[in-house]
>>> print(open('target06.cif').read())   # mmCIF, C-alpha atoms (C1' of nucleotides)
data_coords
loop_
_atom_site.label_atom_id
_atom_site.label_comp_id
_atom_site.auth_asym_id
_atom_site.auth_seq_id
_atom_site.Cartn_x
_atom_site.Cartn_y
_atom_site.Cartn_z
CA MET A 1 41.69 -32.17 7.33
CA SER A 2 38.61 -30.15 6.40
CA VAL A 3 38.63 -27.54 3.69
CA THR A 4 36.58 -24.36 3.90
CA PRO A 5 35.07 -23.46 0.53
CA THR A 6 34.75 -19.77 -0.34
CA ARG A 7 31.14 -20.17 -1.36
CA ASP A 8 28.67 -21.53 1.10
CA ARG A 9 26.20 -23.32 -1.13
CA ARG A 10 23.95 -24.07 1.81
CA SER A 11 23.48 -20.46 2.86
CA GLU A 12 23.18 -19.36 -0.75
CA ARG A 13 20.28 -21.73 -1.10
CA HIS A 14 18.84 -20.48 2.17
CA GLU A 15 18.97 -16.89 0.98
CA ALA A 16 17.43 -17.80 -2.34
CA THR A 17 14.51 -19.46 -0.59
CA ARG A 18 14.05 -16.48 1.68
CA ALA A 19 13.89 -14.23 -1.36
CA GLU A 20 11.40 -16.57 -2.98
CA ILE A 21 9.19 -16.46 0.10
CA LEU A 22 9.24 -12.66 0.17
CA GLU A 23 8.37 -12.48 -3.50
CA ALA A 24 5.40 -14.77 -2.88
CA ALA A 25 4.41 -12.63 0.10
CA TRP A 26 4.32 -9.52 -2.10
CA GLU A 27 2.11 -11.31 -4.57
CA LEU A 28 -0.31 -12.44 -1.88
CA ALA A 29 -0.38 -8.98 -0.35
CA ARG A 30 -1.26 -7.52 -3.73
CA GLU A 31 -3.97 -10.12 -4.31
CA GLN A 32 -5.75 -10.21 -0.99
CA GLY A 33 -4.50 -7.17 0.87
CA LEU A 34 -1.55 -6.72 3.12
CA ALA A 35 -3.42 -7.59 6.30
CA GLY A 36 -4.89 -10.67 4.66
CA LEU A 37 -1.53 -12.34 4.37
CA SER A 38 -1.50 -15.73 6.11
CA LEU A 39 1.32 -18.16 6.67
CA ARG A 40 -0.80 -21.02 5.36
CA ASP A 41 -1.37 -19.35 2.04
CA LEU A 42 2.21 -18.22 1.89
CA GLY A 43 3.49 -21.70 2.57
CA ARG A 44 1.19 -23.19 -0.04
CA LYS A 45 2.40 -20.66 -2.58
CA VAL A 46 6.02 -21.66 -2.18
CA GLY A 47 5.22 -25.36 -1.88
CA MET A 48 5.69 -25.99 1.81
CA ARG A 49 3.74 -26.17 5.02
CA ALA A 50 3.24 -23.00 7.02
CA GLN A 51 5.37 -24.39 9.83
CA SER A 52 8.35 -24.79 7.56
CA LEU A 53 8.48 -21.05 7.00
CA TYR A 54 9.81 -20.80 10.53
CA SER A 55 13.11 -22.15 9.24
CA TYR A 56 13.42 -18.87 7.34
CA PHE A 57 11.68 -16.29 9.47
CA ASP A 58 11.17 -16.14 13.22
CA SER A 59 7.59 -14.95 12.95
CA LYS A 60 5.02 -13.38 10.71
CA HIS A 61 6.16 -10.07 12.06
CA ALA A 62 9.66 -10.75 10.83
CA ILE A 63 8.22 -11.25 7.36
CA TYR A 64 6.49 -7.86 7.45
CA ASP A 65 9.76 -6.37 8.62
CA ALA A 66 11.64 -7.88 5.72
CA LEU A 67 8.99 -6.63 3.30
CA PHE A 68 9.18 -3.16 4.81
CA ARG A 69 12.90 -3.14 4.35
CA GLN A 70 12.67 -4.38 0.77
CA GLY A 71 10.11 -1.70 -0.04
CA ASN A 72 12.35 1.00 1.28
CA GLU A 73 15.30 -0.35 -0.60
CA GLN A 74 13.27 -0.34 -3.79
CA MET A 75 12.36 3.26 -3.21
CA LEU A 76 15.93 4.31 -2.52
CA GLU A 77 17.13 2.41 -5.54
CA ARG A 78 14.60 4.24 -7.66
CA ARG A 79 15.55 7.60 -6.22
CA SER A 80 19.24 7.00 -6.77
CA HIS A 81 18.61 7.46 -10.48
CA LEU A 82 17.36 10.98 -9.91
CA ASP A 83 20.09 13.44 -10.72
CA ARG A 84 20.36 16.71 -8.95
CA THR A 85 20.60 19.58 -11.45
CA ALA A 86 21.04 23.31 -11.16
CA ASP A 87 17.27 23.68 -11.34
CA PRO A 88 15.78 22.66 -7.98
CA GLU A 89 12.22 23.24 -9.13
CA ALA A 90 12.66 20.81 -11.99
CA ASP A 91 14.32 18.39 -9.57
CA LEU A 92 11.35 18.56 -7.24
CA ARG A 93 8.98 18.03 -10.13
CA ARG A 94 10.77 14.90 -11.21
CA GLY A 95 11.20 13.66 -7.68
CA GLY A 96 7.53 14.15 -6.92
CA ARG A 97 6.41 12.42 -10.05
CA GLN A 98 8.65 9.49 -9.36
CA PHE A 99 7.29 9.24 -5.84
CA VAL A 100 3.68 9.28 -7.03
CA GLU A 101 4.36 6.63 -9.62
CA PHE A 102 6.26 4.48 -7.17
CA CYS A 103 3.40 4.58 -4.68
CA VAL A 104 0.60 4.04 -7.16
CA GLU A 105 2.23 1.13 -8.93
CA ASP A 106 1.93 -1.07 -5.85
CA PRO A 107 -0.77 -0.05 -3.37
CA ALA A 108 0.11 -2.87 -1.00
CA ARG A 109 3.66 -1.58 -0.77
CA TYR A 110 2.39 1.96 -0.29
CA GLN A 111 0.17 0.78 2.52
CA LEU A 112 3.05 -1.01 4.23
CA LEU A 113 5.54 1.82 3.87
CA PHE A 114 3.42 4.87 4.47
CA GLN A 115 0.20 4.01 6.19
CA ARG A 116 -0.07 2.43 9.60
CA THR A 117 -2.78 -0.14 9.02
CA ILE A 118 -1.14 -3.43 9.97
CA PRO A 119 -2.27 -4.03 13.53
CA GLY A 120 0.68 -4.19 15.86
CA PHE A 121 3.34 -3.67 13.21
CA GLU A 122 5.98 -1.08 13.88
CA PRO A 123 8.86 -0.82 11.42
CA SER A 124 12.34 -1.09 12.85
CA ALA A 125 14.02 2.23 13.56
CA GLU A 126 16.63 1.42 10.97
CA SER A 127 14.12 0.99 8.19
CA TYR A 128 12.20 4.03 9.28
CA ALA A 129 15.30 6.13 8.95
CA LEU A 130 15.42 5.33 5.25
CA ALA A 131 12.02 6.90 4.74
CA VAL A 132 13.14 10.09 6.45
CA THR A 133 15.97 10.37 3.95
CA VAL A 134 13.52 10.95 1.13
CA LEU A 135 11.81 13.78 2.96
CA GLU A 136 15.15 15.40 3.67
CA GLY A 137 15.99 15.30 -0.01
CA ALA A 138 12.86 17.27 -0.79
CA GLN A 139 13.52 19.73 1.99
CA GLU A 140 16.96 20.38 0.70
CA ARG A 141 15.64 21.19 -2.72
CA PHE A 142 13.12 23.57 -1.25
CA ARG A 143 15.95 25.38 0.45
CA ALA A 144 17.83 25.52 -2.83
CA LEU A 145 14.70 27.09 -4.27
CA GLY A 146 14.86 29.77 -1.62
CA VAL A 147 11.89 28.37 0.27
CA ASP A 148 12.70 27.90 3.91
CA ASP A 149 9.14 27.39 4.97
CA SER A 150 8.35 24.07 6.63
CA ALA A 151 4.71 24.63 5.71
CA ALA A 152 5.69 24.43 2.05
CA LEU A 153 7.13 20.96 2.54
CA ASP A 154 4.02 19.82 4.40
CA LEU A 155 1.78 21.23 1.71
CA TRP A 156 3.88 19.47 -0.91
CA THR A 157 3.55 16.08 0.80
CA ALA A 158 -0.18 16.62 1.29
CA LEU A 159 -0.61 17.40 -2.39
CA LEU A 160 1.28 14.30 -3.49
CA THR A 161 -0.38 11.90 -1.05
CA GLY A 162 -3.79 13.35 -1.88
CA LEU A 163 -3.30 12.41 -5.52
CA ILE A 164 -1.94 9.01 -4.52
CA ASP A 165 -4.71 8.19 -2.05
CA GLN A 166 -7.51 9.26 -4.34
CA GLN A 167 -5.96 7.30 -7.18
CA ILE A 168 -5.61 4.15 -5.14
CA SER A 169 -8.96 4.38 -3.34
CA ASN A 170 -11.20 5.55 -6.14
CA ASP A 171 -9.63 4.57 -9.42
CA PRO A 172 -7.26 1.69 -8.82
CA GLY A 173 -5.28 0.81 -11.91
CA GLY A 174 -6.44 3.94 -13.71
CA ASP A 175 -4.92 7.43 -13.98
CA ARG A 176 -7.78 9.77 -13.11
CA TRP A 177 -5.76 11.52 -10.39
CA VAL A 178 -2.23 10.75 -11.47
CA ARG A 179 -2.80 12.54 -14.74
CA LEU A 180 -3.50 15.73 -12.76
CA TYR A 181 0.08 15.69 -11.49
CA ASP A 182 1.47 18.40 -13.76
CA GLU A 183 -1.45 20.71 -13.16
CA ALA A 184 -1.23 20.18 -9.41
CA VAL A 185 2.48 20.91 -9.38
CA ASP A 186 2.03 24.02 -11.54
CA MET A 187 -0.50 25.20 -9.02
CA PHE A 188 1.87 24.49 -6.19
CA PHE A 189 4.85 26.32 -7.66
CA ASP A 190 2.75 29.31 -8.71
CA HIS A 191 1.77 29.56 -5.10
CA VAL A 192 5.24 29.07 -3.69
CA ASN A 193 6.81 31.57 -6.06
CA LYS A 194 4.15 34.12 -5.28
CA GLU A 195 4.84 33.78 -1.57
CA LYS A 196 8.55 34.14 -2.19
CA THR A 197 8.29 37.48 -3.98
CA ARG A 198 5.98 38.98 -1.44
CA MET B 1 -60.17 -8.18 25.08
CA SER B 2 -56.64 -7.01 24.46
CA VAL B 3 -55.67 -3.37 24.19
CA THR B 4 -52.96 -2.16 21.87
CA PRO B 5 -50.82 0.53 23.46
CA THR B 6 -49.56 3.31 21.23
CA ARG B 7 -46.01 2.94 22.52
CA ASP B 8 -44.26 -0.35 22.21
CA ARG B 9 -42.02 -0.36 25.23
CA ARG B 10 -40.43 -3.60 24.16
CA SER B 11 -39.23 -2.35 20.79
CA GLU B 12 -38.20 0.96 22.31
CA ARG B 13 -35.95 -0.95 24.65
CA HIS B 14 -34.67 -3.02 21.73
CA GLU B 15 -33.79 0.10 19.77
CA ALA B 16 -32.10 1.65 22.76
CA THR B 17 -29.92 -1.42 23.21
CA ARG B 18 -29.04 -1.43 19.52
CA ALA B 19 -27.95 2.18 19.81
CA GLU B 20 -25.92 1.36 22.89
CA ILE B 21 -24.17 -1.47 21.06
CA LEU B 22 -23.29 0.80 18.15
CA GLU B 23 -21.94 3.46 20.48
CA ALA B 24 -19.72 0.84 22.12
CA ALA B 25 -18.63 -0.34 18.68
CA TRP B 26 -17.50 3.18 17.74
CA GLU B 27 -15.49 3.39 20.93
CA LEU B 28 -13.81 0.07 20.31
CA ALA B 29 -13.10 1.02 16.71
CA ARG B 30 -11.45 4.23 17.89
CA GLU B 31 -9.42 2.41 20.51
CA GLN B 32 -8.12 -0.61 18.63
CA GLY B 33 -8.81 0.14 15.01
CA LEU B 34 -11.84 -0.53 12.89
CA ALA B 35 -10.66 -3.90 11.69
CA GLY B 36 -9.80 -4.96 15.22
CA LEU B 37 -13.41 -4.91 16.30
CA SER B 38 -14.47 -8.28 17.72
CA LEU B 39 -17.84 -9.46 18.91
CA ARG B 40 -16.34 -10.79 22.11
CA ASP B 41 -14.96 -7.41 23.08
CA LEU B 42 -18.09 -5.68 21.96
CA GLY B 43 -20.29 -7.95 24.05
CA ARG B 44 -18.09 -7.48 27.09
CA LYS B 45 -18.29 -3.72 26.70
CA VAL B 46 -22.09 -3.69 26.81
CA GLY B 47 -22.25 -6.37 29.50
CA MET B 48 -23.37 -9.39 27.53
CA ARG B 49 -21.95 -12.45 25.84
CA ALA B 50 -20.96 -12.18 22.22
CA GLN B 51 -23.70 -14.60 21.23
CA SER B 52 -26.38 -12.33 22.67
CA LEU B 53 -25.47 -9.63 20.16
CA TYR B 54 -27.16 -11.81 17.56
CA SER B 55 -30.50 -10.80 19.07
CA TYR B 56 -29.75 -7.30 17.77
CA PHE B 57 -27.70 -7.79 14.64
CA ASP B 58 -27.65 -10.66 12.16
CA SER B 59 -23.89 -10.67 11.81
CA LYS B 60 -20.76 -8.68 12.34
CA HIS B 61 -21.22 -7.39 8.84
CA ALA B 62 -24.60 -5.97 9.79
CA ILE B 63 -22.89 -4.02 12.56
CA TYR B 64 -20.42 -2.47 10.12
CA ASP B 65 -23.35 -1.63 7.88
CA ALA B 66 -25.15 0.12 10.69
CA LEU B 67 -21.98 2.04 11.60
CA PHE B 68 -21.51 3.04 7.97
CA ARG B 69 -25.05 4.35 7.84
CA GLN B 70 -24.67 6.24 11.11
CA GLY B 71 -21.44 7.83 9.91
CA ASN B 72 -23.11 9.03 6.73
CA GLU B 73 -26.06 10.38 8.65
CA GLN B 74 -23.69 12.27 10.91
CA MET B 75 -21.99 13.80 7.90
CA LEU B 76 -25.26 14.80 6.27
CA GLU B 77 -26.53 16.26 9.50
CA ARG B 78 -23.38 18.32 9.75
CA ARG B 79 -23.65 19.50 6.17
CA SER B 80 -27.28 20.46 6.57
CA HIS B 81 -26.10 23.41 8.65
CA LEU B 82 -24.11 24.77 5.72
CA ASP B 83 -26.05 27.55 4.08
CA ARG B 84 -25.71 28.22 0.43
CA THR B 85 -24.95 31.88 -0.20
CA ALA B 86 -24.50 34.02 -3.28
CA ASP B 87 -20.76 33.45 -3.03
CA PRO B 88 -19.98 29.92 -4.23
CA GLU B 89 -16.27 30.26 -3.51
CA ALA B 90 -16.97 31.09 0.12
CA ASP B 91 -19.44 28.20 0.22
CA LEU B 92 -16.80 25.80 -1.05
CA ARG B 93 -14.33 27.09 1.47
CA ARG B 94 -16.67 26.49 4.34
CA GLY B 95 -17.81 23.15 2.97
CA GLY B 96 -14.26 21.96 2.52
CA ARG B 97 -13.23 23.03 5.97
CA GLN B 98 -16.19 21.30 7.50
CA PHE B 99 -15.35 18.14 5.60
CA VAL B 100 -11.73 18.16 6.73
CA GLU B 101 -12.71 18.70 10.35
CA PHE B 102 -15.36 16.01 10.18
CA CYS B 103 -12.88 13.47 8.82
CA VAL B 104 -10.04 14.33 11.14
CA GLU B 105 -12.09 14.31 14.31
CA ASP B 106 -12.71 10.56 14.01
CA PRO B 107 -10.16 8.62 11.96
CA ALA B 108 -12.00 5.33 12.45
CA ARG B 109 -15.12 6.84 10.95
CA TYR B 110 -13.09 8.31 8.10
CA GLN B 111 -11.61 4.92 7.42
CA LEU B 112 -15.01 3.27 7.36
CA LEU B 113 -16.68 5.89 5.18
CA PHE B 114 -13.97 6.74 2.71
CA GLN B 115 -11.31 4.12 2.60
CA ARG B 116 -11.85 0.53 1.63
CA THR B 117 -9.82 -1.29 4.19
CA ILE B 118 -12.30 -3.57 5.95
CA PRO B 119 -11.81 -6.92 4.25
CA GLY B 120 -14.99 -8.04 2.55
CA PHE B 121 -17.08 -5.06 3.59
CA GLU B 122 -19.07 -3.34 0.89
CA PRO B 123 -21.46 -0.60 1.96
CA SER B 124 -25.05 -0.95 0.89
CA ALA B 125 -25.95 0.92 -2.29
CA GLU B 126 -28.32 3.07 -0.31
CA SER B 127 -25.68 4.29 2.09
CA TYR B 128 -23.21 4.78 -0.71
CA ALA B 129 -25.64 7.09 -2.45
CA LEU B 130 -25.48 9.43 0.53
CA ALA B 131 -21.77 9.90 0.04
CA VAL B 132 -22.27 10.79 -3.60
CA THR B 133 -24.61 13.58 -2.54
CA VAL B 134 -21.75 15.44 -0.89
CA LEU B 135 -19.64 15.31 -4.02
CA GLU B 136 -22.54 16.58 -6.09
CA GLY B 137 -22.93 19.53 -3.76
CA ALA B 138 -19.33 20.51 -4.39
CA GLN B 139 -19.71 20.02 -8.12
CA GLU B 140 -22.72 22.30 -8.19
CA ARG B 141 -20.82 25.05 -6.45
CA PHE B 142 -18.00 24.72 -8.92
CA ARG B 143 -20.47 25.21 -11.72
CA ALA B 144 -21.85 28.27 -9.95
CA LEU B 145 -18.29 29.52 -9.83
CA GLY B 146 -18.10 29.16 -13.58
CA VAL B 147 -15.81 26.13 -13.38
CA ASP B 148 -17.13 23.30 -15.45
CA ASP B 149 -13.97 21.31 -15.34
CA SER B 150 -14.18 17.85 -13.80
CA ALA B 151 -10.44 17.99 -13.20
CA ALA B 152 -11.01 20.89 -10.82
CA LEU B 153 -13.30 18.78 -8.68
CA ASP B 154 -10.81 15.92 -8.64
CA LEU B 155 -7.98 18.26 -7.72
CA TRP B 156 -10.15 19.71 -4.95
CA THR B 157 -10.85 16.30 -3.45
CA ALA B 158 -7.19 15.32 -3.72
CA LEU B 159 -6.15 18.48 -1.90
CA LEU B 160 -8.61 17.91 0.94
CA THR B 161 -7.90 14.22 1.37
CA GLY B 162 -4.17 14.88 1.19
CA LEU B 163 -4.42 17.17 4.20
CA ILE B 164 -6.68 14.70 5.97
CA ASP B 165 -4.52 11.67 5.31
CA GLN B 166 -1.30 13.35 6.32
CA GLN B 167 -2.92 14.71 9.44
CA ILE B 168 -4.28 11.34 10.47
CA SER B 169 -1.22 9.29 9.52
CA ASN B 170 1.56 11.55 10.69
CA ASP B 171 0.21 13.86 13.36
CA PRO B 172 -2.87 12.24 14.89
CA GLY B 173 -4.61 14.53 17.32
CA GLY B 174 -2.53 17.51 16.22
CA ASP B 175 -3.09 20.18 13.57
CA ARG B 176 0.13 20.24 11.58
CA TRP B 177 -1.69 19.73 8.28
CA VAL B 178 -5.17 20.95 9.14
CA ARG B 179 -3.79 24.38 9.93
CA LEU B 180 -2.58 24.62 6.32
CA TYR B 181 -6.16 24.52 5.11
CA ASP B 182 -6.59 28.22 4.36
CA GLU B 183 -3.27 28.44 2.57
CA ALA B 184 -4.07 25.34 0.54
CA VAL B 185 -7.45 26.66 -0.48
CA ASP B 186 -6.01 30.04 -1.40
CA MET B 187 -3.56 28.24 -3.62
CA PHE B 188 -6.36 26.24 -5.17
CA PHE B 189 -8.61 29.19 -5.95
CA ASP B 190 -5.74 31.26 -7.30
CA HIS B 191 -5.14 28.43 -9.69
CA VAL B 192 -8.78 27.91 -10.64
CA ASN B 193 -9.39 31.60 -11.19
CA LYS B 194 -6.30 31.89 -13.34
CA GLU B 195 -7.48 29.03 -15.52
CA LYS B 196 -10.90 30.64 -15.84
CA THR B 197 -9.62 33.93 -17.21
CA ARG B 198 -7.35 32.33 -19.74
"C1'" DG C 1 14.83 -28.44 6.15
"C1'" DT C 2 10.59 -30.36 6.00
"C1'" DC C 3 7.25 -32.96 7.73
"C1'" DT C 4 3.34 -34.63 11.12
"C1'" DA C 5 1.19 -33.72 15.15
"C1'" DT C 6 -0.33 -30.68 18.29
"C1'" DA C 7 -1.07 -26.60 21.32
"C1'" DT C 8 -3.21 -22.31 21.78
"C1'" DT C 9 -5.81 -18.51 20.76
"C1'" DT C 10 -9.23 -16.10 18.69
"C1'" DG C 11 -12.64 -15.32 15.72
"C1'" DG C 12 -17.81 -15.79 14.05
"C1'" DA C 13 -21.84 -18.34 14.48
"C1'" DT C 14 -25.78 -21.85 15.97
"C1'" DA C 15 -28.80 -24.76 19.28
"C1'" DG C 16 -31.39 -25.09 23.00
"C1'" DA C 17 -32.40 -24.37 28.05
"C1'" DC C 18 -34.31 -20.93 30.98
"C1'" DG D 1 -33.29 -11.86 25.58
"C1'" DT D 2 -29.70 -13.90 27.69
"C1'" DC D 3 -27.32 -17.59 28.96
"C1'" DT D 4 -24.42 -22.17 28.58
"C1'" DA D 5 -22.60 -25.22 25.64
"C1'" DT D 6 -20.70 -26.07 21.32
"C1'" DC D 7 -19.07 -26.01 16.75
"C1'" DC D 8 -16.19 -24.75 13.20
"C1'" DA D 9 -12.62 -22.41 10.94
"C1'" DA D 10 -8.44 -20.02 10.67
"C1'" DA D 11 -4.36 -18.33 12.43
"C1'" DT D 12 0.29 -18.32 14.81
"C1'" DA D 13 3.47 -21.09 16.85
"C1'" DT D 14 6.20 -25.24 19.04
"C1'" DA D 15 8.01 -30.20 19.51
"C1'" DG D 16 9.99 -33.88 17.72
"C1'" DA D 17 10.49 -37.56 14.05
"C1'" DC D 18 12.88 -38.27 9.80
#
>>> encode(input="target06.cif", output="structure tokens")
Amino acid sequence: MSVTPTRDRRSERHEATRAEILEAAWELAREQGLAGLSLRDLGRKVGMRAQSLYSYFDSKHAIYDALFRQGNEQMLERRSHLDRTADPEADLRRGGRQFVEFCVEDPARYQLLFQRTIPGFEPSAESYALAVTVLEGAQERFRALGVDDSAALDLWTALLTGLIDQQISNDPGGDRWVRLYDEAVDMFFDHVNKEKTR
Amino acid sequence: MSVTPTRDRRSERHEATRAEILEAAWELAREQGLAGLSLRDLGRKVGMRAQSLYSYFDSKHAIYDALFRQGNEQMLERRSHLDRTADPEADLRRGGRQFVEFCVEDPARYQLLFQRTIPGFEPSAESYALAVTVLEGAQERFRALGVDDSAALDLWTALLTGLIDQQISNDPGGDRWVRLYDEAVDMFFDHVNKEKTR
DNA sequence: GTCTATATTTGGATAGAC
DNA sequence: GTCTATCCAAATATAGAC
């Protein structure tokens, strides 16, 4: 008679190896660019042949998908620590700063999650929905602020991504643009509040 | 006795073919992304084998270089039609708008000129210097405005590239972010003028 | 699960005939 | 200047032995 153990040591090991592969993939993406990721290098990094990776992922695409999902989960995890207070402007300020820092701290992740530069890669609808959640959070706070203008949300995202893109493209690892965050947000809220009272 | 003609029909033809190749390269870059450009496709598009392209360019790299140079020349040509008036704020407004439109009208060109996403491609120092010229023009107008703050210039570039990036990434071919230009610039100058009078 | 062996494709690039 | 013929390298992916 066979006994079914409650823990499946085999699949635990499988999952652990999968996680190890993804971690190595992040490192390679950071080192040589997201598009430069190759299965050979990835295999070498985890101590196996490229072909053996197929025991863990169906394709290279599936690896990008898993990375995309991990990135989104990291972002949601980060955002879950943001409390909502009675002051929506302060909430937006903190949310925006967190977003900028999250993006700048790992340009490869930013590229995967928010830019469409991997040829032929489309995130799964499920993962994409996570990203929309973040935008909706911001929109809600704008409404709480009394701003019902969709242009305000678009201007807000443009302001944040402008700082992020300039920081990543022209001063990687530095803070030349990130340090302008408070000033930029002051500017933005001065503008929004002026529009409101018109 | 041989006679030297004043026109060299052979090199004229050579130059014309080079130009034709570059035009085809732009089209391919627009269609399938800048990084997706391949010599095989490029040759097919101009009706020759990939190997024959080597009669016109030393390498694929040399083609990117030539494209980079052309893109910068196009930008400078465009900017040469911008007059400098007695009103530096109006000059900045027009210059910024022109820049946004120039970038948005050809995302592949924007990617080549301003983002660093082609693996291993570094523009020649000469071409890079052209790009710096544009920034210096903006800086000069800020000084004329009485703004001597380098942060203002950085905030200005972040604002413009934020609109551009969002437009290209999230509404290609549309105007969802570009149409916010005037509002964004109003916001910016309100802020700058407030700082000035403090 | 990992390996060897191999298929296939797709790049960039060179040599030499015409 | 263009072609054919080739080379070389790198990449994804599959088959089958162990």
>>> resolve_selection(input="target06.cif", expression="the PyMOL selection byres ((chain C) within 10 of (chain A))", output="number ranges by chain")
C: 1-3
>>> interface_residues(input="target06.cif", of="chain B", to="chain A", cutoff="10 Å", atoms="all atoms listed in the file", output="ChimeraX atom specification")
/B:32-36,114-119,151-152,154-170,176-177,179-181,183-184,186-192,194
>>> interface_residues(input="target06.cif", of="chain D", to="chain A", cutoff="10 Å", atoms="only C-alpha atoms (C1' of nucleotides)", output="list in words")
DA10, DA11, DT12, DA13 and DT14 of chain D
>>> resolve_selection(input="target06.cif", expression="the PyMOL selection byres ((chain A and resi 99) around 10)", output="MDAnalysis selection string")
chainID A and resid 75 78:79 93:98 100:104 134 160:161 164
>>> resolve_selection(input="target06.cif", expression="the PyMOL selection byres ((chain C and resi 13-18) around 9)", output="list in words")
Gln51, Tyr54 and Ser59 of chain B; DG12 of chain C; DC3, DT4, DA5, DT6, DC7 and DC8 of chain D
>>> write_last_selection(input="target06.cif", atoms="C-alpha atoms (C1' of nucleotides)", output="PDB file, in the coordinates of the input")
ATOM      1  CA  GLN B  51     -23.700 -14.600  21.230  1.00  0.00           C
ATOM      2  CA  TYR B  54     -27.160 -11.810  17.560  1.00  0.00           C
ATOM      3  CA  SER B  59     -23.890 -10.670  11.810  1.00  0.00           C
TER       4      SER B  59
ATOM      5  C1'  DG C  12     -17.810 -15.790  14.050  1.00  0.00           C
TER       6       DG C  12
ATOM      7  C1'  DC D   3     -27.320 -17.590  28.960  1.00  0.00           C
ATOM      8  C1'  DT D   4     -24.420 -22.170  28.580  1.00  0.00           C
ATOM      9  C1'  DA D   5     -22.600 -25.220  25.640  1.00  0.00           C
ATOM     10  C1'  DT D   6     -20.700 -26.070  21.320  1.00  0.00           C
ATOM     11  C1'  DC D   7     -19.070 -26.010  16.750  1.00  0.00           C
ATOM     12  C1'  DC D   8     -16.190 -24.750  13.200  1.00  0.00           C
TER      13       DC D   8
END
>>> atom_distance(input="target06.cif", atom1="atom CA of B:Thr85", atom2="atom CA of B:Arg143")
14.0 Å
>>> atom_distance(input="target06.cif", atom1="atom CA of A:Ser150", atom2="atom CA of A:Val132")
14.8 Å
>>> atom_distance(input="target06.cif", atom1="atom CA of A:Arg30", atom2="atom CA of A:Arg109")
8.3 Å
>>> residues_around(input="target06.cif", residues="B:Ser127", least_positions_apart="4", cutoff="8 Å", atoms="all atoms listed in the file", output="PDB file with C-alpha atoms, keeping the file's coordinate frame")
ATOM      1  CA  PHE B  68     -21.510   3.040   7.970  1.00  0.00           C
ATOM      2  CA  ARG B  69     -25.050   4.350   7.840  1.00  0.00           C
ATOM      3  CA  ASN B  72     -23.110   9.030   6.730  1.00  0.00           C
ATOM      4  CA  PRO B 123     -21.460  -0.600   1.960  1.00  0.00           C
ATOM      5  CA  ALA B 131     -21.770   9.900   0.040  1.00  0.00           C
TER       6      ALA B 131
END
>>> residues_near_point(input="target06.cif", point="(-18.0, -2.1, 25.7)", cutoff="9 Å", atoms="all atoms listed in the file", output="compact mmCIF listing (two decimals) with C-alpha atoms, keeping the file's coordinate frame")
# COMPACT_ATOMS: atom_id res chain seq x y z
CA ILE B 21 -24.17 -1.47 21.06
CA GLU B 23 -21.94 3.46 20.48
CA ALA B 24 -19.72 0.84 22.12
CA ALA B 25 -18.63 -0.34 18.68
CA GLU B 27 -15.49 3.39 20.93
CA LEU B 28 -13.81 0.07 20.31
CA ASP B 41 -14.96 -7.41 23.08
CA LEU B 42 -18.09 -5.68 21.96
CA GLY B 43 -20.29 -7.95 24.05
CA ARG B 44 -18.09 -7.48 27.09
CA LYS B 45 -18.29 -3.72 26.70
CA VAL B 46 -22.09 -3.69 26.81
CA GLY B 47 -22.25 -6.37 29.50
>>> build_atoms(input="target06.cif", residues="stretch 11-20 of chain A", atoms="N, CA and C atoms", output="PDB file, in the coordinates of the input")
ATOM      1  N   SER A  11      24.109 -21.736   2.498  1.00  0.00           N
ATOM      2  CA  SER A  11      23.480 -20.460   2.860  1.00  0.00           C
ATOM      3  C   SER A  11      23.023 -19.703   1.616  1.00  0.00           C
ATOM      4  N   GLU A  12      23.681 -19.960   0.489  1.00  0.00           N
ATOM      5  CA  GLU A  12      23.180 -19.360  -0.750  1.00  0.00           C
ATOM      6  C   GLU A  12      21.766 -19.854  -1.036  1.00  0.00           C
ATOM      7  N   ARG A  13      21.597 -21.143  -0.859  1.00  0.00           N
ATOM      8  CA  ARG A  13      20.280 -21.730  -1.100  1.00  0.00           C
ATOM      9  C   ARG A  13      19.253 -21.166  -0.109  1.00  0.00           C
ATOM     10  N   HIS A  14      19.706 -21.027   1.142  1.00  0.00           N
ATOM     11  CA  HIS A  14      18.840 -20.480   2.170  1.00  0.00           C
ATOM     12  C   HIS A  14      18.382 -19.069   1.785  1.00  0.00           C
ATOM     13  N   GLU A  15      19.315 -18.250   1.365  1.00  0.00           N
ATOM     14  CA  GLU A  15      18.970 -16.890   0.980  1.00  0.00           C
ATOM     15  C   GLU A  15      18.028 -16.868  -0.212  1.00  0.00           C
ATOM     16  N   ALA A  16      18.278 -17.760  -1.151  1.00  0.00           N
ATOM     17  CA  ALA A  16      17.430 -17.800  -2.340  1.00  0.00           C
ATOM     18  C   ALA A  16      15.999 -18.158  -1.946  1.00  0.00           C
ATOM     19  N   THR A  17      15.855 -19.081  -1.022  1.00  0.00           N
ATOM     20  CA  THR A  17      14.510 -19.460  -0.590  1.00  0.00           C
ATOM     21  C   THR A  17      13.837 -18.319   0.162  1.00  0.00           C
ATOM     22  N   ARG A  18      14.597 -17.661   0.992  1.00  0.00           N
ATOM     23  CA  ARG A  18      14.050 -16.480   1.680  1.00  0.00           C
ATOM     24  C   ARG A  18      13.503 -15.471   0.681  1.00  0.00           C
ATOM     25  N   ALA A  19      14.310 -15.199  -0.345  1.00  0.00           N
ATOM     26  CA  ALA A  19      13.890 -14.230  -1.360  1.00  0.00           C
ATOM     27  C   ALA A  19      12.622 -14.714  -2.060  1.00  0.00           C
ATOM     28  N   GLU A  20      12.574 -16.003  -2.302  1.00  0.00           N
ATOM     29  CA  GLU A  20      11.400 -16.570  -2.980  1.00  0.00           C
ATOM     30  C   GLU A  20      10.144 -16.402  -2.106  1.00  0.00           C
TER      31      GLU A  20
END
